[in-house]
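Q: Take a look at the following structure, please.
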Amino acid sequence: MRETPPLPVDLSGIRLDPVGGLSRQLYRALRERILDGRLARRARLPASRDLAALLGISRNTVTRAFDQLYAEGYIEGRVGAGTFVADLREPPAVAPALASGPEPGPALRLLAEHRLNPRPEGPPRAFRVGVPAFDLFPFETWARLSARFWRRPPMHVLGYGDPAGDRRLRELVAAYLRSSRGLACEPEQVLITCGSQQAISLCAQLLLQPGERVAVENPGYRAAGHAFAVAGGQLCGVPVDGEGLDTAALERLGACRLAYVTPSHQYPTGVTLSLARRLELLAWAERHDAWVIEDDYDGEYRYRGVPLAPLASLDRQGRVLYVGTFCKIAFPALRLGYLVLPKALVEPFAQRRALDMRHSEIGTQAVMAEFIAAGHFQRHVRRMREAARSRRDALLQGWPQVPGCAPLPMVEAGLHLSVPVESLARERELIAQAAAVGVEINALSGYWLPDSATPEDDRAGLVLGFAAVPEAQILEALQRLRGGWGVD
Ligand SMILES: Cc1ncc(COP(=O)(O)O)c(C=O)c1O
């Protein structure tokens, strides 16, 4: 029998597990030794036959491992001379999984400073904010429409689609906004998005230069503020009073590139922007050559009269970008919304979206288009409005009088209400006691910008979503709350 010659390098520590893929294990073992320097640059590897004999495996297994190392450039062959470790640069001293990489750039630092609040977990509970009555969604109908679409999808929609969105859905959204919301717009102005958040984020990316100032409502929707800040915008809080955004305070800010507002139902205070303020805001935008983003996240929910005409319907200058969402009528995880843009912005916004994600997934868009065309959407809006109204009534009627907390306000719109509390300490106490009996309440103080001039105690309050669960669960939660707070 032929004697195995001594190996040119020491590979005696390699142990292979006979149960796993042998060539993969050998490849990994050799690669690791090359990267950490145990196999030196230009070192000669044993012939495959000798290595196979040493490790007690087949020569084919060794050849497969070598082939992979060749292909990835770890080893190289010299004709007539054998196989050598490639002449690599010095490998990094730390294992890749442990290395922290280059110093994070400003974008990563900004992201770390502007995190979203932790997502509440589990099924909806009283009084979760931002959640509609999605227990009432007609899943059977959706499933039927979805199955019908996927059973025989039109071939022409299965390739890369229009980044602005499915044409039919854009037409139906424009028709819905014209007839139900009094917003005259063309399908060409509608850009389908993954919910309001993506619409806001696109505005931040495309309308802002780093360092430019952005006016945001204070208190306000922090996720929008984060999107502007991460795009490099400098957030400037504008106070909100009984008429909505204080436009005189906005004027005092001086130059701003953009204002973000929730005119139908200010988030989170619930105030509606008065007509006088709407006109002042539009005049401000004209004076300062600024954009206005109108976030109409829950505009369908109006409990007296018809939904308000959007601010965008008063805009004669093409300065208002209107943000709408299906997530408050269907359910948040649907991730479907839209932007209505001044015509000149449609192409750049669509291009930006194409670079991010090409376009939204076709199935959801097509099924939503059919859902609207067949009349299900309008019926569902009515059903959701009725349900939210009745859940609101359950909350208003059963709410206990609590020391330190103002009486609940009239609620004519939206899916939540907010009520002032006498101090930050009392706010914390009430929320902790509610949490202890399994009731979710948000702190109004959490919606303020961190450097607000308003004294801390004046920022305190409770924010309650009333639509997330049916009346019986609301009453039961109120019962527990009375126990937790020790009131009748
Ligand atoms: C003011 C406001 N805008 C937008 C959204 C989010 O909408 P979407 O789920 O469509 O991103 C919310 C969610 O609660 C909101 O409160």
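We name chains A, B, ... following the order of the structure tokens; residues begin at 1 in each chain, and ligands are numbered from 1 as shown.
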Wanna dump the chain A-ligand 1 contacts at 6 Å for me, each residue with its shortest atom pair and the distance in Å to one decimal, counting only C-alpha atoms and all ligand atoms, ordered by chain and number, as CSV?

A:
residue,atom,partner,partner_atom_place_in_ligand_line,distance
A:Gly130,CA,ligand 1,14 (O),4.0
A:Gly195,CA,ligand 1,10 (O),3.5
A:Ser196,CA,ligand 1,10 (O),3.7
A:Gln197,CA,ligand 1,11 (O),3.8
A:Tyr221,CA,ligand 1,1 (C),5.2
A:Tyr267,CA,ligand 1,1 (C),5.3
A:Asp295,CA,ligand 1,3 (N),5.9
A:Tyr297,CA,ligand 1,3 (N),4.9
A:Thr325,CA,ligand 1,10 (O),4.6
A:Cys327,CA,ligand 1,10 (O),4.9
A:Pro332,CA,ligand 1,9 (O),4.9
A:Gly337,CA,ligand 1,10 (O),5.8

Q: Would you write out those residues with C-alpha atoms, as an mmCIF file, in the first residue's frame?

A:
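Heads up, here's the output in out.cif:
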data_model
loop_
_atom_site.group_PDB
_atom_site.id
_atom_site.type_symbol
_atom_site.label_atom_id
_atom_site.label_comp_id
_atom_site.auth_asym_id
_atom_site.auth_seq_id
_atom_site.Cartn_x
_atom_site.Cartn_y
_atom_site.Cartn_z
ATOM 1 C CA GLY A 130 -55.091 53.693 15.361
ATOM 2 C CA GLY A 195 -50.333 53.116 3.190
ATOM 3 C CA SER A 196 -50.033 56.712 4.428
ATOM 4 C CA GLN A 197 -46.639 56.161 5.966
ATOM 5 C CA TYR A 221 -48.258 62.236 14.588
ATOM 6 C CA TYR A 267 -53.934 63.722 15.498
ATOM 7 C CA ASP A 295 -52.871 63.539 5.990
ATOM 8 C CA TYR A 297 -55.956 59.234 7.608
ATOM 9 C CA THR A 325 -55.264 55.295 3.214
ATOM 10 C CA CYS A 327 -55.753 50.918 6.222
ATOM 11 C CA PRO A 332 -53.583 48.285 8.851
ATOM 12 C CA GLY A 337 -52.997 53.934 0.435
#

Q: I need the residues of segment 285-448 of chain A that end up classed as alpha helix (DSSP H) by DSSP on the backbone, written out as a PyMOL selection string.

A: chain A and resi 285-288+343-357+362-373+376-398+424-436

Q: Write out as a PyMOL selection string the residues lying within 8 Å of segment 361-378 of chain A, counting only C-alpha atoms and excluding same-chain residues fewer than 6 positions away.

A: chain A and resi 142+145-146+149-150+157-158+161+165-166+168-169+172+334+336

Q: Please dump the current selection as a PDB file, in the first residue's frame; keep N, CA and C atoms.

A:
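This went into result-v8.pdb:
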ATOM      1  N   TRP A 142     -63.669  39.359   0.260  1.00  0.00           N
ATOM      2  CA  TRP A 142     -62.280  39.605  -0.169  1.00  0.00           C
ATOM      3  C   TRP A 142     -61.664  38.313  -0.697  1.00  0.00           C
ATOM      4  N   LEU A 145     -63.091  37.520  -4.168  1.00  0.00           N
ATOM      5  CA  LEU A 145     -62.536  38.376  -5.223  1.00  0.00           C
ATOM      6  C   LEU A 145     -61.079  38.007  -5.487  1.00  0.00           C
ATOM      7  N   SER A 146     -60.392  37.712  -4.412  1.00  0.00           N
ATOM      8  CA  SER A 146     -58.978  37.373  -4.522  1.00  0.00           C
ATOM      9  C   SER A 146     -58.815  36.056  -5.293  1.00  0.00           C
ATOM     10  N   PHE A 149     -59.466  36.563  -8.940  1.00  0.00           N
ATOM     11  CA  PHE A 149     -58.344  37.211  -9.641  1.00  0.00           C
ATOM     12  C   PHE A 149     -57.220  36.216  -9.902  1.00  0.00           C
ATOM     13  N   TRP A 150     -56.848  35.459  -8.870  1.00  0.00           N
ATOM     14  CA  TRP A 150     -55.666  34.601  -9.002  1.00  0.00           C
ATOM     15  C   TRP A 150     -55.926  33.336  -9.814  1.00  0.00           C
ATOM     16  N   VAL A 157     -50.950  41.883 -16.647  1.00  0.00           N
ATOM     17  CA  VAL A 157     -50.656  42.556 -15.371  1.00  0.00           C
ATOM     18  C   VAL A 157     -49.571  41.827 -14.565  1.00  0.00           C
ATOM     19  N   LEU A 158     -49.050  40.740 -15.092  1.00  0.00           N
ATOM     20  CA  LEU A 158     -48.102  39.947 -14.293  1.00  0.00           C
ATOM     21  C   LEU A 158     -46.636  40.322 -14.514  1.00  0.00           C
ATOM     22  N   GLY A 161     -45.213  46.341 -13.406  1.00  0.00           N
ATOM     23  CA  GLY A 161     -46.351  47.235 -13.591  1.00  0.00           C
ATOM     24  C   GLY A 161     -45.953  48.697 -13.481  1.00  0.00           C
ATOM     25  N   GLY A 165     -48.991  52.791  -9.855  1.00  0.00           N
ATOM     26  CA  GLY A 165     -50.085  51.940  -9.380  1.00  0.00           C
ATOM     27  C   GLY A 165     -50.938  51.418 -10.514  1.00  0.00           C
ATOM     28  N   ASP A 166     -51.776  50.440 -10.167  1.00  0.00           N
ATOM     29  CA  ASP A 166     -52.680  49.819 -11.120  1.00  0.00           C
ATOM     30  C   ASP A 166     -53.652  50.872 -11.667  1.00  0.00           C
ATOM     31  N   ARG A 168     -56.572  50.803 -13.080  1.00  0.00           N
ATOM     32  CA  ARG A 168     -57.997  50.747 -12.712  1.00  0.00           C
ATOM     33  C   ARG A 168     -58.210  51.251 -11.285  1.00  0.00           C
ATOM     34  N   LEU A 169     -57.296  50.876 -10.399  1.00  0.00           N
ATOM     35  CA  LEU A 169     -57.432  51.321  -9.012  1.00  0.00           C
ATOM     36  C   LEU A 169     -57.281  52.846  -8.934  1.00  0.00           C
ATOM     37  N   LEU A 172     -60.503  54.383  -9.969  1.00  0.00           N
ATOM     38  CA  LEU A 172     -61.570  54.226  -8.977  1.00  0.00           C
ATOM     39  C   LEU A 172     -61.332  55.110  -7.757  1.00  0.00           C
ATOM     40  N   LEU A 334     -53.007  45.692   5.590  1.00  0.00           N
ATOM     41  CA  LEU A 334     -53.240  45.691   4.144  1.00  0.00           C
ATOM     42  C   LEU A 334     -52.159  46.492   3.422  1.00  0.00           C
ATOM     43  N   LEU A 336     -52.080  49.620   2.039  1.00  0.00           N
ATOM     44  CA  LEU A 336     -52.508  50.201   0.767  1.00  0.00           C
ATOM     45  C   LEU A 336     -53.055  51.592   1.028  1.00  0.00           C
TER      46      LEU A 336
END

Q: Would you write out, as JSON lines, a table of all residues in segment 381-403 of chain A that have an atom no more than 6 Å from an atom of segment 462-479 of chain A, listing for each the closest atom pair and the distance in Å to one decimal, considering only C-alpha atoms and ordering rows by chain and rising residue number?

A:
{"residue": "A:Ala388", "atom": "CA", "partner": "A:Ala467", "partner_atom": "CA", "distance": 5.0}
{"residue": "A:Arg391", "atom": "CA", "partner": "A:Glu471", "partner_atom": "CA", "distance": 5.4}
{"residue": "A:Arg392", "atom": "CA", "partner": "A:Phe466", "partner_atom": "CA", "distance": 5.5}
{"residue": "A:Ala394", "atom": "CA", "partner": "A:Glu471", "partner_atom": "CA", "distance": 5.9}

Q: For Phe137 of chain A, work out the shell of residues within 12 Å, counting only C-alpha atoms and skipping chain neighbours fewer than 3 positions away, then give it as an MDAnalysis selection string.

A: chainID A and resid 132:134 140:143 326:332 334 371 376:377 379:384 387

Q: Between A:Ala432, A:Leu417, A:Arg459, A:Met410, single out the one closest to Arg128 of chain A, counting only C-alpha atoms.

A: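 Comparing A:Ala432, A:Leu417, A:Arg459, A:Met410 against Arg128 of chain A, the winner is A:Leu417.
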
Q: Need to verify the contact set: segment 54-61 of chain A, 7 Å, only C-alpha atoms, exclusion of same-chain residues closer than 4 positions in sequence. Can you return it as a list of chain:residue names?

A: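 Within the cut-off, the hits are A:Leu22, A:Ser23, A:Ser48, A:Arg49, A:Asp50, A:Ala65.
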
Q: Save out the residues we just selected, N, CA and C atoms, as a short mmCIF file (atom, residue, chain, number, x, y, z; two decimals), in the first residue's frame.

A:
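Final output, saved to again-v5.cif:
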data_model
loop_
_atom_site.label_atom_id
_atom_site.label_comp_id
_atom_site.auth_asym_id
_atom_site.auth_seq_id
_atom_site.Cartn_x
_atom_site.Cartn_y
_atom_site.Cartn_z
N LEU A 22 -20.25 16.30 3.79
CA LEU A 22 -18.81 16.30 4.07
C LEU A 22 -18.06 17.38 3.27
N SER A 23 -18.39 17.53 1.99
CA SER A 23 -17.61 18.47 1.19
C SER A 23 -17.87 19.90 1.68
N SER A 48 -5.39 16.25 -3.52
CA SER A 48 -6.72 15.81 -3.06
C SER A 48 -6.68 14.36 -2.59
N ARG A 49 -5.88 13.54 -3.25
CA ARG A 49 -5.83 12.12 -2.86
C ARG A 49 -5.29 11.99 -1.43
N ASP A 50 -4.21 12.76 -1.10
CA ASP A 50 -3.60 12.67 0.23
C ASP A 50 -4.53 13.20 1.32
N ALA A 65 -14.99 20.21 -2.53
CA ALA A 65 -14.64 21.33 -1.63
C ALA A 65 -13.62 22.24 -2.29
#

Q: Counting only C-alpha atoms, which residues in segment 258-372 of chain A sit no more than 8 Å from segment 228-247 of chain A? For each one, give the nearest pair of atoms and the distance in Å, sorted by chain then residue number, as a Markdown table.

A:
| residue | atom | partner | partner_atom | distance |
| --- | --- | --- | --- | --- |
| A:Val261 | CA | A:Leu245 | CA | 7.6 |
| A:Pro263 | CA | A:Gly244 | CA | 7.2 |
| A:Gln266 | CA | A:Gly244 | CA | 6.7 |
| A:Val271 | CA | A:Gly244 | CA | 5.6 |
| A:Thr272 | CA | A:Gly244 | CA | 5.8 |
| A:Leu273 | CA | A:Gly244 | CA | 4.4 |
| A:Ser274 | CA | A:Glu243 | CA | 5.3 |
| A:Arg277 | CA | A:Thr247 | CA | 6.4 |
| A:Glu280 | CA | A:Thr247 | CA | 6.6 |
| A:Leu281 | CA | A:Thr247 | CA | 6.3 |

Q: Just the residues within 6 Å of segment 443-458 of chain A, please, counting only C-alpha atoms, with nothing from its chain fewer than 3 positions along; format it as a list of chain:residue names.

A: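 Selected residues are A:Asn218, A:Pro219, A:Gly220, A:Ser423, A:Leu424, A:Gly461, A:Leu462, A:Val463.
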
Q: If you keep N, CA and C atoms, can you produce a file of those selected residues as a CSV table (one decimal), in the first residue's frame?

A:
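again.csv written:
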chain,number,residue,atom,x,y,z
A,218,ASN,N,-47.9,70.1,16.9
A,218,ASN,CA,-47.4,69.7,18.2
A,218,ASN,C,-48.4,69.9,19.3
A,219,PRO,N,-49.0,68.9,19.9
A,219,PRO,CA,-48.7,67.5,19.6
A,219,PRO,C,-49.1,67.0,18.2
A,220,GLY,N,-48.5,65.9,17.8
A,220,GLY,CA,-48.9,65.5,16.5
A,220,GLY,C,-48.5,64.0,16.2
A,423,SER,N,-51.7,66.5,35.4
A,423,SER,CA,-50.3,66.6,35.5
A,423,SER,C,-49.7,65.3,34.8
A,424,LEU,N,-48.4,65.4,34.6
A,424,LEU,CA,-47.7,64.2,34.0
A,424,LEU,C,-47.7,63.1,35.0
A,461,GLY,N,-52.2,63.9,29.3
A,461,GLY,CA,-53.6,63.5,28.9
A,461,GLY,C,-53.7,62.0,28.5
A,462,LEU,N,-54.9,61.6,28.2
A,462,LEU,CA,-55.1,60.2,27.8
A,462,LEU,C,-55.6,60.2,26.4
A,463,VAL,N,-55.1,59.3,25.6
A,463,VAL,CA,-55.6,59.1,24.2
A,463,VAL,C,-56.2,57.7,24.1

Q: Neighbouring residues of Ser180 of chain A were defined as those with any atom within 12 Å, considering only C-alpha atoms; residues of the same chain fewer than 3 positions away were excluded. Please report them as a compact mmCIF listing (two decimals) with C-alpha atoms, in the first residue's frame.

A:
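Writing done, so here's selection36.txt:
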# COMPACT_ATOMS: atom_id res chain seq x y z
CA LEU A 172 -61.57 54.23 -8.98
CA VAL A 173 -59.76 56.14 -6.23
CA ALA A 174 -60.10 59.38 -8.23
CA ALA A 175 -63.82 58.70 -8.79
CA TYR A 176 -64.32 57.92 -5.09
CA LEU A 177 -62.53 61.09 -3.99
CA LEU A 183 -61.84 66.40 -4.17
CA ALA A 184 -61.70 67.07 -7.91
CA GLY A 299 -61.51 61.35 7.02
CA GLU A 300 -64.27 58.81 6.31
CA VAL A 306 -71.04 64.23 5.61
CA PRO A 307 -67.23 63.89 5.64
CA LEU A 308 -65.48 67.25 5.35
CA ALA A 309 -64.09 68.40 2.03
CA PRO A 310 -60.30 68.08 2.19
CA PHE A 377 -66.03 49.47 -0.41
CA GLN A 378 -68.74 52.11 -0.07
CA VAL A 381 -67.25 52.49 4.76
CA ARG A 382 -70.86 52.94 5.94

Q: Suppose you want the space between atom CA of Tyr260 of chain A and atom CA of Glu186 of chain A; what is it in Å?

A: 23.0 Å
